[in-house]
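Q: The file below is run31.cif, mmCIF, C-alpha atoms:
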```
data_start
loop_
_atom_site.label_atom_id
_atom_site.label_comp_id
_atom_site.auth_asym_id
_atom_site.auth_seq_id
_atom_site.Cartn_x
_atom_site.Cartn_y
_atom_site.Cartn_z
CA MET A 1 0.00 0.00 0.00
CA ALA A 2 3.08 2.18 -0.15
CA TYR A 3 1.82 4.26 -3.06
CA VAL A 4 -1.56 4.77 -1.47
CA THR A 5 -0.73 6.17 1.89
CA PRO A 6 2.30 7.78 3.49
CA PHE A 7 1.09 6.65 6.91
CA THR A 8 2.42 3.12 6.89
CA TYR A 9 5.16 1.72 9.07
CA ARG A 10 8.68 2.91 8.37
CA GLN A 11 11.70 1.05 9.55
CA GLY A 12 13.76 2.73 12.25
CA GLN A 13 15.61 2.34 15.50
CA SER A 14 14.28 5.36 17.38
CA LEU A 15 13.03 5.29 20.97
CA LEU A 16 9.43 5.05 19.81
CA HIS A 17 10.21 2.28 17.33
CA LEU A 18 11.71 0.13 20.06
CA LEU A 19 9.08 0.84 22.71
CA ASP A 20 6.73 -2.02 23.59
CA VAL A 21 3.58 -1.73 21.48
CA ARG A 22 1.27 -2.30 24.48
CA CYS A 23 2.87 0.65 26.23
CA LYS A 24 2.37 2.80 23.13
CA PHE A 25 -1.31 1.81 23.00
CA PHE A 26 -1.78 2.82 26.59
CA MET A 27 -0.02 6.14 26.08
CA ILE A 28 -2.02 7.01 22.98
CA CYS A 29 -5.33 6.29 24.75
CA LEU A 30 -4.34 8.33 27.79
CA ILE A 31 -3.21 11.35 25.79
CA SER A 32 -6.13 11.30 23.34
CA MET A 33 -8.62 11.24 26.21
CA SER A 34 -6.99 14.06 28.13
CA MET A 35 -6.74 16.10 24.94
CA LEU A 36 -10.52 16.58 24.99
CA SER A 37 -10.27 19.09 27.82
CA ALA A 38 -6.86 20.60 27.02
CA HIS A 39 -6.22 24.34 26.89
CA LEU A 40 -4.31 26.15 24.22
CA SER A 41 -1.04 26.58 26.11
CA ALA A 42 -0.97 22.90 27.14
CA CYS A 43 -1.71 21.94 23.53
CA PHE A 44 1.20 24.01 22.33
CA PHE A 45 3.50 22.44 24.91
CA TYR A 46 2.42 18.97 23.76
CA PHE A 47 2.93 19.99 20.13
CA LEU A 48 6.59 20.76 20.93
CA ILE A 49 6.98 17.31 22.50
CA LEU A 50 5.43 15.73 19.40
CA LEU A 51 7.82 17.68 17.17
CA PHE A 52 10.74 16.33 19.21
CA PHE A 53 9.60 12.73 18.71
CA PHE A 54 8.89 13.27 15.00
CA ASN A 55 12.45 14.47 14.73
CA LYS A 56 13.74 11.52 16.74
CA ALA A 57 11.87 9.08 14.51
CA GLY A 58 13.65 10.62 11.53
CA LEU A 59 10.53 12.18 9.97
CA ASN A 60 10.25 15.51 8.26
CA ILE A 61 7.33 17.36 9.82
CA PHE A 62 6.71 19.45 6.70
CA ALA A 63 6.48 16.39 4.46
CA THR A 64 4.09 14.87 6.98
CA LEU A 65 1.92 17.98 7.04
CA ASN A 66 1.86 17.98 3.26
CA SER A 67 0.58 14.42 3.23
CA ILE A 68 -2.33 15.26 5.54
CA LYS A 69 -3.27 18.48 3.77
CA TYR A 70 -6.86 17.37 3.14
CA PHE A 71 -7.32 16.73 6.81
CA ILE A 72 -5.98 20.21 7.54
CA LEU A 73 -8.52 21.60 5.08
CA LEU A 74 -11.26 19.83 7.03
CA LEU A 75 -9.90 21.35 10.25
CA PHE A 76 -10.08 24.74 8.58
CA PHE A 77 -13.78 24.18 7.86
CA ILE A 78 -14.38 23.23 11.48
CA PHE A 79 -12.60 26.41 12.52
CA ILE A 80 -14.79 28.51 10.21
CA ALA A 81 -17.95 26.79 11.41
CA ARG A 82 -17.04 27.47 15.04
CA ALA A 83 -16.01 31.05 14.37
CA LEU A 84 -19.33 31.80 12.67
CA THR A 85 -21.70 30.05 15.04
CA VAL A 86 -20.42 30.79 18.56
CA LYS A 87 -22.11 33.85 20.07
CA GLY A 88 -20.03 36.59 21.70
CA ASP A 89 -18.30 39.91 21.08
CA ILE A 90 -18.48 40.65 17.37
CA LEU A 91 -15.11 41.38 15.75
CA PHE A 92 -16.34 42.08 12.25
CA SER A 93 -19.35 41.08 10.18
CA PHE A 94 -20.15 40.78 6.50
CA TYR A 95 -23.20 39.69 4.49
CA GLY A 96 -25.14 39.17 7.69
CA MET A 97 -22.57 36.75 9.15
CA SER A 98 -20.39 37.79 12.02
CA ILE A 99 -17.16 36.47 13.43
CA THR A 100 -16.86 36.66 17.19
CA GLU A 101 -13.83 36.72 19.40
CA GLN A 102 -15.05 33.75 21.44
CA GLY A 103 -15.77 31.89 18.23
CA LEU A 104 -12.26 32.49 16.92
CA ASN A 105 -10.70 31.31 20.15
CA GLU A 106 -12.85 28.22 20.36
CA GLY A 107 -12.35 27.42 16.69
CA ILE A 108 -8.58 27.55 17.03
CA LEU A 109 -8.66 25.41 20.15
CA VAL A 110 -10.90 22.69 18.70
CA ALA A 111 -9.02 22.51 15.41
CA PHE A 112 -5.69 22.38 17.23
CA ARG A 113 -6.87 19.52 19.47
CA PHE A 114 -8.00 17.43 16.50
CA PHE A 115 -4.75 18.20 14.77
CA LEU A 116 -2.68 17.01 17.74
CA VAL A 117 -4.68 13.80 18.22
CA MET A 118 -4.22 13.17 14.52
CA LEU A 119 -0.45 13.72 14.70
CA THR A 120 -0.21 11.39 17.71
CA GLY A 121 -1.98 8.64 15.80
CA LEU A 122 0.24 9.26 12.81
CA LEU A 123 3.37 8.93 14.91
CA PHE A 124 2.04 5.63 16.24
CA SER A 125 1.25 4.21 12.78
CA ILE A 126 4.63 5.21 11.44
CA THR A 127 6.66 3.72 14.29
CA THR A 128 4.70 0.48 14.84
CA LYS A 129 4.76 -2.67 12.75
CA PRO A 130 1.32 -3.96 11.70
CA SER A 131 2.22 -7.41 13.00
CA SER A 132 2.95 -6.06 16.47
CA VAL A 133 -0.31 -4.12 16.41
CA LYS A 134 -2.03 -7.43 15.76
CA SER A 135 -0.29 -9.13 18.68
CA ALA A 136 -1.13 -6.21 20.96
CA VAL A 137 -4.81 -6.44 19.99
CA GLN A 138 -4.72 -10.13 20.82
CA TRP A 139 -3.06 -9.40 24.17
CA PHE A 140 -5.63 -6.74 25.10
CA PHE A 141 -8.58 -8.95 24.15
CA LYS A 142 -7.40 -11.92 26.17
CA PRO A 143 -9.16 -11.00 29.45
CA ILE A 144 -12.41 -10.02 27.68
CA PRO A 145 -14.92 -12.90 27.59
CA PHE A 146 -16.87 -13.95 24.45
CA VAL A 147 -14.25 -12.45 22.13
CA PRO A 148 -12.21 -15.14 20.36
CA GLU A 149 -9.02 -13.08 20.50
CA LYS A 150 -6.94 -15.50 18.46
CA ARG A 151 -9.42 -15.56 15.62
CA VAL A 152 -9.67 -11.77 15.70
CA ALA A 153 -5.88 -11.59 15.46
CA VAL A 154 -5.85 -14.02 12.52
CA MET A 155 -8.56 -12.03 10.76
CA ILE A 156 -6.61 -8.81 11.24
CA SER A 157 -3.45 -10.27 9.75
CA LEU A 158 -5.39 -11.89 6.90
CA SER A 159 -7.11 -8.65 5.96
CA LEU A 160 -3.84 -6.73 6.16
CA GLY A 161 -2.40 -9.30 3.80
CA PHE A 162 -5.36 -9.04 1.42
CA MET A 163 -5.17 -5.25 1.06
CA PRO A 164 -2.14 -4.97 -1.25
CA VAL A 165 -3.39 -7.94 -3.30
CA ILE A 166 -6.78 -6.33 -3.84
CA LEU A 167 -5.24 -2.97 -4.73
CA LYS A 168 -2.96 -4.61 -7.26
CA GLN A 169 -5.83 -6.49 -8.87
CA ALA A 170 -8.03 -3.40 -8.88
CA LYS A 171 -5.28 -1.57 -10.74
CA GLU A 172 -4.90 -4.42 -13.22
CA ILE A 173 -8.63 -4.62 -13.88
CA SER A 174 -9.07 -0.89 -14.32
CA ASP A 175 -6.06 -0.77 -16.65
CA ALA A 176 -7.44 -3.63 -18.69
CA GLN A 177 -10.79 -1.89 -18.98
CA LYS A 178 -9.23 1.45 -19.85
CA ALA A 179 -7.45 -0.34 -22.70
CA ARG A 180 -10.92 -1.39 -23.85
CA CYS A 181 -12.23 2.21 -23.67
CA SER A 182 -14.25 1.78 -20.50
CA ASP A 183 -13.81 5.52 -19.97
CA LEU A 184 -16.42 6.08 -22.66
CA GLN A 185 -19.05 4.30 -20.59
CA LYS A 186 -21.29 6.97 -19.10
CA ASN A 187 -23.59 4.80 -16.99
CA PRO A 188 -22.10 4.90 -13.47
CA VAL A 189 -23.85 1.70 -12.37
CA LYS A 190 -22.21 -0.18 -15.23
CA ARG A 191 -18.86 1.40 -14.46
CA ILE A 192 -19.01 0.28 -10.85
CA THR A 193 -20.20 -3.24 -11.56
CA ARG A 194 -17.63 -3.74 -14.31
CA LEU A 195 -14.83 -2.83 -11.93
CA VAL A 196 -16.10 -4.44 -8.75
CA LEU A 197 -17.56 -7.70 -10.07
CA PRO A 198 -14.36 -9.10 -11.61
CA LEU A 199 -12.44 -7.83 -8.60
CA LEU A 200 -14.70 -9.61 -6.14
CA LYS A 201 -14.82 -12.78 -8.22
CA LYS A 202 -11.05 -12.93 -8.57
CA THR A 203 -10.32 -12.28 -4.93
CA PHE A 204 -12.98 -14.68 -3.69
CA LEU A 205 -11.59 -17.44 -5.84
CA SER A 206 -8.09 -16.82 -4.46
CA ALA A 207 -9.61 -16.72 -0.96
CA ASP A 208 -11.12 -20.13 -1.69
CA SER A 209 -7.70 -21.56 -2.42
CA LEU A 210 -6.40 -19.89 0.73
CA VAL A 211 -9.11 -21.68 2.73
CA LEU A 212 -8.05 -24.96 1.15
CA ALA A 213 -4.41 -24.28 1.93
CA MET A 214 -5.19 -23.43 5.55
CA GLU A 215 -7.38 -26.51 5.93
CA SER A 216 -4.82 -28.85 4.45
CA ARG A 217 -2.25 -27.48 6.90
CA CYS A 218 -4.62 -28.30 9.78
CA TYR A 219 -5.21 -24.67 10.75
CA ASN A 220 -7.09 -24.12 14.00
CA ASP A 221 -7.45 -21.40 16.62
CA ASP A 222 -5.02 -23.05 19.01
CA ARG A 223 -1.90 -21.10 18.13
CA THR A 224 1.26 -19.98 19.89
CA ASP A 225 0.92 -16.64 21.66
CA PRO A 226 2.92 -13.73 20.27
CA GLU A 227 6.11 -12.65 22.01
CA PHE A 228 6.77 -9.06 23.04
CA LEU A 229 10.19 -7.46 23.22
CA PRO A 230 10.08 -4.57 25.71
CA SER A 231 12.94 -2.11 25.28
CA GLY A 232 13.23 -1.48 29.05
CA LYS A 233 12.19 2.18 28.78
CA GLU A 234 8.47 1.53 29.15
CA ILE A 235 8.17 2.69 32.78
CA PRO A 236 9.71 6.16 32.24
CA PHE A 237 7.63 6.58 29.10
CA LEU A 238 4.43 5.61 30.92
CA ILE A 239 5.21 8.01 33.77
CA GLY A 240 6.03 10.72 31.22
CA SER A 241 2.79 10.24 29.30
CA PHE A 242 0.85 10.20 32.56
CA ILE A 243 2.38 13.56 33.53
CA ILE A 244 1.67 14.96 30.06
CA SER A 245 -1.95 13.87 30.08
CA LEU A 246 -2.44 15.21 33.61
CA SER A 247 -1.04 18.56 32.60
CA LEU A 248 -3.16 18.54 29.44
CA ALA A 249 -6.29 17.83 31.43
CA CYS A 250 -5.66 20.21 34.32
CA LEU A 251 -3.57 23.09 33.03
CA MET B 1 -21.37 -24.70 12.18
CA ASN B 2 -18.55 -27.08 11.42
CA ASN B 3 -14.90 -26.17 11.45
CA SER B 4 -14.45 -26.00 7.70
CA LYS B 5 -17.39 -23.66 7.20
CA GLN B 6 -16.17 -21.48 10.04
CA LEU B 7 -12.70 -21.21 8.52
CA LYS B 8 -14.26 -20.26 5.21
CA MET B 9 -16.32 -17.52 6.82
CA THR B 10 -13.25 -16.30 8.71
CA VAL B 11 -11.31 -15.88 5.48
CA TYR B 12 -14.25 -14.32 3.61
CA THR B 13 -14.89 -11.89 6.43
CA SER B 14 -11.23 -10.86 6.47
CA LEU B 15 -11.46 -10.35 2.74
CA PHE B 16 -14.41 -8.01 3.19
CA VAL B 17 -12.54 -6.14 5.94
CA ALA B 18 -9.79 -5.55 3.41
CA PHE B 19 -12.36 -4.45 0.81
CA ILE B 20 -13.95 -1.95 3.20
CA ALA B 21 -10.52 -0.61 4.13
CA ILE B 22 -9.38 -0.07 0.57
CA GLY B 23 -12.86 0.98 -0.55
CA ALA B 24 -11.85 4.44 0.57
CA PHE B 25 -9.11 4.44 -2.08
CA ILE B 26 -11.02 2.98 -5.02
CA ALA B 27 -12.81 5.93 -6.51
CA ILE B 28 -14.77 6.05 -9.75
CA PRO B 29 -14.96 9.52 -11.30
CA VAL B 30 -18.59 10.36 -12.04
CA GLY B 31 -19.32 14.04 -12.45
CA PRO B 32 -17.62 16.47 -10.09
CA VAL B 33 -17.66 14.23 -6.98
CA PRO B 34 -15.83 10.92 -7.37
CA ILE B 35 -17.81 7.97 -6.05
CA VAL B 36 -15.92 6.29 -3.22
CA LEU B 37 -16.86 2.66 -2.85
CA GLN B 38 -16.37 2.20 0.89
CA ASN B 39 -20.00 2.23 2.03
CA MET B 40 -20.95 0.03 -0.89
CA PHE B 41 -18.58 -2.61 0.42
CA VAL B 42 -20.08 -2.28 3.88
CA LEU B 43 -23.55 -2.93 2.44
CA LEU B 44 -22.25 -5.78 0.29
CA ALA B 45 -20.61 -7.34 3.35
CA ALA B 46 -23.97 -7.17 5.07
CA ILE B 47 -26.01 -8.85 2.36
CA ILE B 48 -23.39 -11.46 1.46
CA LEU B 49 -21.96 -12.40 4.86
CA GLY B 50 -25.15 -12.20 6.93
CA PRO B 51 -25.80 -10.43 10.25
CA VAL B 52 -23.25 -12.08 12.54
CA TRP B 53 -20.23 -12.20 10.26
CA GLY B 54 -21.14 -8.85 8.73
CA LEU B 55 -21.11 -7.27 12.17
CA ALA B 56 -17.79 -8.98 12.93
CA CYS B 57 -16.45 -7.63 9.66
CA VAL B 58 -17.25 -3.99 10.44
CA ALA B 59 -16.16 -4.38 14.07
CA ILE B 60 -12.76 -5.66 12.99
CA TYR B 61 -12.42 -2.90 10.43
CA LEU B 62 -13.08 -0.29 13.12
CA LEU B 63 -10.75 -2.11 15.50
CA ILE B 64 -7.88 -2.08 13.01
CA GLY B 65 -8.40 1.63 12.45
CA LEU B 66 -8.71 2.30 16.16
CA ALA B 67 -5.53 0.35 16.78
CA GLY B 68 -3.64 2.80 14.61
CA LEU B 69 -3.34 1.08 11.25
CA PRO B 70 -4.08 3.44 8.36
CA VAL B 71 -7.40 2.07 7.06
CA PHE B 72 -9.84 4.98 7.47
CA ALA B 73 -10.59 7.31 4.58
CA GLY B 74 -7.53 9.22 3.41
CA GLY B 75 -5.14 6.79 5.08
CA THR B 76 -5.85 8.02 8.56
CA SER B 77 -6.44 6.10 11.74
CA GLY B 78 -6.74 6.27 15.49
CA ILE B 79 -9.05 7.37 18.25
CA GLY B 80 -8.89 10.94 16.98
CA LYS B 81 -10.56 9.95 13.74
CA LEU B 82 -13.22 7.87 15.44
CA PHE B 83 -14.18 10.75 17.72
CA GLY B 84 -13.54 13.39 15.06
CA PRO B 85 -16.15 15.05 12.85
CA THR B 86 -16.68 12.05 10.58
CA GLY B 87 -16.61 9.41 13.33
CA GLY B 88 -20.39 9.10 13.40
CA TYR B 89 -20.46 7.62 9.92
CA LEU B 90 -17.86 5.02 10.91
CA LEU B 91 -19.69 4.01 14.10
CA GLY B 92 -22.98 4.07 12.18
CA TYR B 93 -21.69 1.23 10.00
CA LEU B 94 -22.11 -1.13 12.97
CA PRO B 95 -25.91 -0.93 13.38
CA ALA B 96 -26.32 -0.39 9.62
CA VAL B 97 -24.57 -3.61 8.67
CA PHE B 98 -26.57 -5.64 11.17
CA VAL B 99 -29.95 -4.22 10.21
CA THR B 100 -29.23 -4.49 6.47
CA ALA B 101 -28.17 -8.10 6.81
CA ALA B 102 -31.14 -8.99 8.98
CA ILE B 103 -33.65 -7.40 6.58
CA SER B 104 -32.04 -8.95 3.52
CA LYS B 105 -32.07 -12.35 5.19
CA GLY B 106 -35.62 -11.93 6.47
CA LEU B 107 -37.01 -10.89 3.09
CA GLY B 108 -35.39 -13.81 1.33
CA LYS B 109 -32.26 -12.52 -0.44
CA ARG B 110 -33.95 -11.27 -3.59
CA MET B 111 -32.78 -8.27 -5.52
CA SER B 112 -35.74 -6.10 -4.49
CA SER B 113 -35.33 -7.01 -0.83
CA ASP B 114 -31.60 -6.29 -1.07
CA ILE B 115 -32.35 -2.80 -2.35
CA ILE B 116 -34.82 -2.12 0.47
CA ALA B 117 -32.34 -3.46 3.04
CA MET B 118 -29.50 -1.35 1.69
CA LEU B 119 -31.67 1.79 1.58
CA ILE B 120 -32.49 1.36 5.26
CA GLY B 121 -28.83 0.61 6.00
CA SER B 122 -27.67 3.82 4.31
CA LEU B 123 -30.27 5.81 6.22
CA ILE B 124 -28.91 4.39 9.48
CA VAL B 125 -25.39 5.47 8.55
CA TYR B 126 -26.62 9.03 7.97
CA ALA B 127 -28.78 8.94 11.09
CA ALA B 128 -25.62 8.29 13.07
CA GLY B 129 -23.28 10.47 11.03
CA VAL B 130 -25.15 13.74 10.56
CA PRO B 131 -26.07 14.46 14.22
CA TRP B 132 -22.49 13.55 15.18
CA LEU B 133 -21.15 15.99 12.61
CA LYS B 134 -23.53 18.63 13.95
CA VAL B 135 -22.44 18.16 17.56
CA VAL B 136 -18.70 18.04 16.86
CA THR B 137 -18.58 21.03 14.53
CA SER B 138 -21.53 22.86 16.16
CA MET B 139 -23.17 23.54 12.81
CA THR B 140 -26.91 23.96 12.47
CA TYR B 141 -28.93 20.94 11.33
CA GLU B 142 -29.56 22.47 7.89
CA LYS B 143 -25.84 23.00 7.38
CA ALA B 144 -24.95 19.53 8.64
CA PHE B 145 -27.43 17.99 6.20
CA ALA B 146 -26.12 20.16 3.38
CA VAL B 147 -22.50 19.20 4.03
CA GLY B 148 -22.82 15.68 5.40
CA MET B 149 -25.69 14.12 3.50
CA ALA B 150 -27.02 15.96 0.45
CA PRO B 151 -23.89 15.72 -1.77
CA PHE B 152 -23.70 11.94 -1.37
CA LEU B 153 -27.32 10.95 -2.01
CA ILE B 154 -27.07 10.51 -5.78
CA GLY B 155 -23.84 8.55 -5.43
CA ASP B 156 -25.47 6.36 -2.80
CA ALA B 157 -28.41 5.58 -5.04
CA ILE B 158 -26.02 4.55 -7.82
CA LYS B 159 -24.00 2.44 -5.40
CA ILE B 160 -27.07 0.67 -4.03
CA ILE B 161 -28.24 -0.30 -7.51
CA ALA B 162 -24.75 -1.46 -8.45
CA ALA B 163 -24.44 -3.41 -5.20
CA ALA B 164 -27.76 -5.17 -5.85
CA PHE B 165 -26.50 -6.31 -9.27
CA ILE B 166 -23.17 -7.38 -7.80
CA ALA B 167 -24.80 -9.34 -4.99
CA LYS B 168 -27.11 -11.09 -7.44
CA THR B 169 -24.20 -12.19 -9.62
CA LEU B 170 -21.89 -13.00 -6.75
CA ARG B 171 -24.16 -15.19 -4.62
CA PRO B 172 -24.00 -18.25 -6.90
CA VAL B 173 -20.20 -17.85 -7.15
CA ILE B 174 -19.52 -17.61 -3.43
CA LYS B 175 -21.99 -20.27 -2.26
CA LEU B 176 -22.23 -19.70 1.48
#
```
Show how you would write the structure in this file as structure tokens.
A:
Amino acid sequence: MAYVTPFTYRQGQSLLHLLDVRCKFFMICLISMSMLSAHLSACFFYFLILLFFFNKAGLNIFATLNSIKYFILLLFFIFIARALTVKGDILFSFYGMSITEQGLNEGILVAFRFFLVMLTGLLFSITTKPSSVKSAVQWFFKPIPFVPEKRVAVMISLSLGFMPVILKQAKEISDAQKARCSDLQKNPVKRITRLVLPLLKKTFLSADSLVLAMESRCYNDDRTDPEFLPSGKEIPFLIGSFIISLSLACL
Amino acid sequence: MNNSKQLKMTVYTSLFVAFIAIGAFIAIPVGPVPIVLQNMFVLLAAIILGPVWGLACVAIYLLIGLAGLPVFAGGTSGIGKLFGPTGGYLLGYLPAVFVTAAISKGLGKRMSSDIIAMLIGSLIVYAAGVPWLKVVTSMTYEKAFAVGMAPFLIGDAIKIIAAAFIAKTLRPVIKL
């Protein structure tokens, strides 16, 4: 999926790369929750910390911002919507709409919070292998009853494996149809069915042979548990994230 | 359900999870707004996999996104997205997929019943998504409908018709 999204895992040896994935999960939950009530100064402080870790992970912040530009556009709309709808002291008005001081402040704050939560998630996706995400999900689901955590983990890794295959086949099919002038077809229903039907048929047939292969290798849910490799810095990181989220929530 | 059938459903469900995830990237240019196929795959998962596995399919999709893998629209992920402005649509997939599958199964898996089921399913997605959008961005209801529902209605109608055709052709091939 490399050409589709810049948000996939990148190899590295930074602190965050080596940190235990369960610890990272916990930190991301803690910080995202406390972000909901954060003030502007605390947000800015946290933004500096994020910048430090982006730098540590060997990522260019400007390239990253460029790759999420559509999201930033959405944030801009949220900002506008807030600025126009919140009542307060009117700064200036035009065509019957007025922008208020309170609205501006609140708009900036809300957009900045979303932006920071987004960047945190991005940092996590970039520094964490999909396979270790899968094992962490399995580990977290273990104590929850009625959830077959091993099957969930298998389904996650299967679907992650299917994604590049499907994308490749979708590209092949659409290329083949373009070569047959499918662009001239105006009926959108026909365009969709002619792309999706062969795609589904192809992938389901290959899924059938995957089922056969798994069956013939005696696949069942009774599998070996995943191993975790903690880097030994989990405790300071957890304490650090706890302090950060406390200061975000209370400052 | 025997072991072999269960394994088959496991693999098929994972396949649909992958389809929903990449559905956000497969766009067909029709007019000014390209049609993104993600919600069509959610509805297809419902009418092909049935209520239980369909629900599992969407739940795992959301779980993967929540766990930080880039599967939500635009390659994003994480709690922030799920509680962000468009999170209501994502969470709305859960009840939508179950209801669509239940109706399609109850009415006997014909093309007309599939269309009715998918119409109701799409309405559920909007019923969850639009109020969520309104609360998060503090727009008025008229604005939220204008931004979060009206531009997609024509595309949705096209997708539902296409999905009904696809389901009709696919059912004999997949043989569940």
Q: Select residues of chain B: the criterion is any atom within 8 Å of an atom of chain A, counting all atoms listed in the file; output as a PyMOL selection string.
A: chain B and resi 4+7-8+10-19+21-22+25+28+30+60+64+67-70+74-81+84+137-139+158-159+161-163+165-166+170+173-174
Q: Need to verify the contact set: Pro236 of chain A, 12 Å, all atoms listed in the file, exclusion of same-chain residues closer than 6 positions in sequence. Can you return it as number ranges by chain?
A: A: 15, 19, 23, 27, 242-243
Q: Distance atom CA of Ala128 of chain B-atom CA of Ala101 of chain B, one decimal place?
A: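 If I compute the distance from atom CA of Ala128 of chain B to atom CA of Ala101 of chain B, I get 17.7 Å.
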Q: Between A:Ser206, A:Ser14, A:Ser41, A:Ser241, which one has atoms that come closest to Phe112 of chain A, using only C-alpha atoms?
A: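 With only C-alpha atoms as the atom set, the closest residue is A:Ser41.
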Q: Taking the file as shown, what set of residues would the PyMOL selection byres ((chain A and resi 90) around 9) give back, as a list in words?
A: Lys87, Gly88, Asp89, Leu91, Phe92, Ser93, Ser98, Ile99, Thr100, Glu101 and Gln102 of chain A
Q: Just say which residues the PyMOL selection byres ((chain B and resi 54) around 9) picks in this file, as a count of residues only.
A: 22
Q: Report, in Å with one decimal, the straight-line distance from atom CA of Phe140 of chain A to atom CA of Ser247 of chain A.
A: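 Going from atom CA of Phe140 of chain A over to atom CA of Ser247 of chain A covers 26.8 Å.
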Q: Enter the distance from atom CA of Ile108 of chain A to atom CA of Leu248 of chain A, in Å, rounded to one decimal.
A: 16.3 Å
Q: As a check of understanding, name the residues that the PyMOL selection byres ((chain A and resi 39) around 8) selects in the supplied structure, as an mmCIF file with C-alpha atoms, in the coordinates of the input.
A:
```cif
data_model
loop_
_atom_site.group_PDB
_atom_site.id
_atom_site.type_symbol
_atom_site.label_atom_id
_atom_site.label_comp_id
_atom_site.auth_asym_id
_atom_site.auth_seq_id
_atom_site.Cartn_x
_atom_site.Cartn_y
_atom_site.Cartn_z
ATOM 1 C CA SER A 37 -10.270 19.090 27.820
ATOM 2 C CA ALA A 38 -6.860 20.600 27.020
ATOM 3 C CA LEU A 40 -4.310 26.150 24.220
ATOM 4 C CA SER A 41 -1.040 26.580 26.110
ATOM 5 C CA ALA A 42 -0.970 22.900 27.140
ATOM 6 C CA CYS A 43 -1.710 21.940 23.530
ATOM 7 C CA LEU A 109 -8.660 25.410 20.150
ATOM 8 C CA LEU A 248 -3.160 18.540 29.440
ATOM 9 C CA ALA A 249 -6.290 17.830 31.430
ATOM 10 C CA LEU A 251 -3.570 23.090 33.030
#
```
Q: Taking 4 positions as the minimum chain separation for residues in the same chain, which residues sit within 7 Å of Asp114 of chain B when counting only C-alpha atoms? Answer as a PyMOL selection string.
A: chain B and resi 104+109-110+118+164
Q: Output C-alpha atoms for every residue in the selection just made, as a compact mmCIF listing (two decimals), in the frame of the given file.
A:
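Wrote it out as part.txt, contents follow:
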```txt
# COMPACT_ATOMS: atom_id res chain seq x y z
CA SER B 104 -32.04 -8.95 3.52
CA LYS B 109 -32.26 -12.52 -0.44
CA ARG B 110 -33.95 -11.27 -3.59
CA MET B 118 -29.50 -1.35 1.69
CA ALA B 164 -27.76 -5.17 -5.85
```
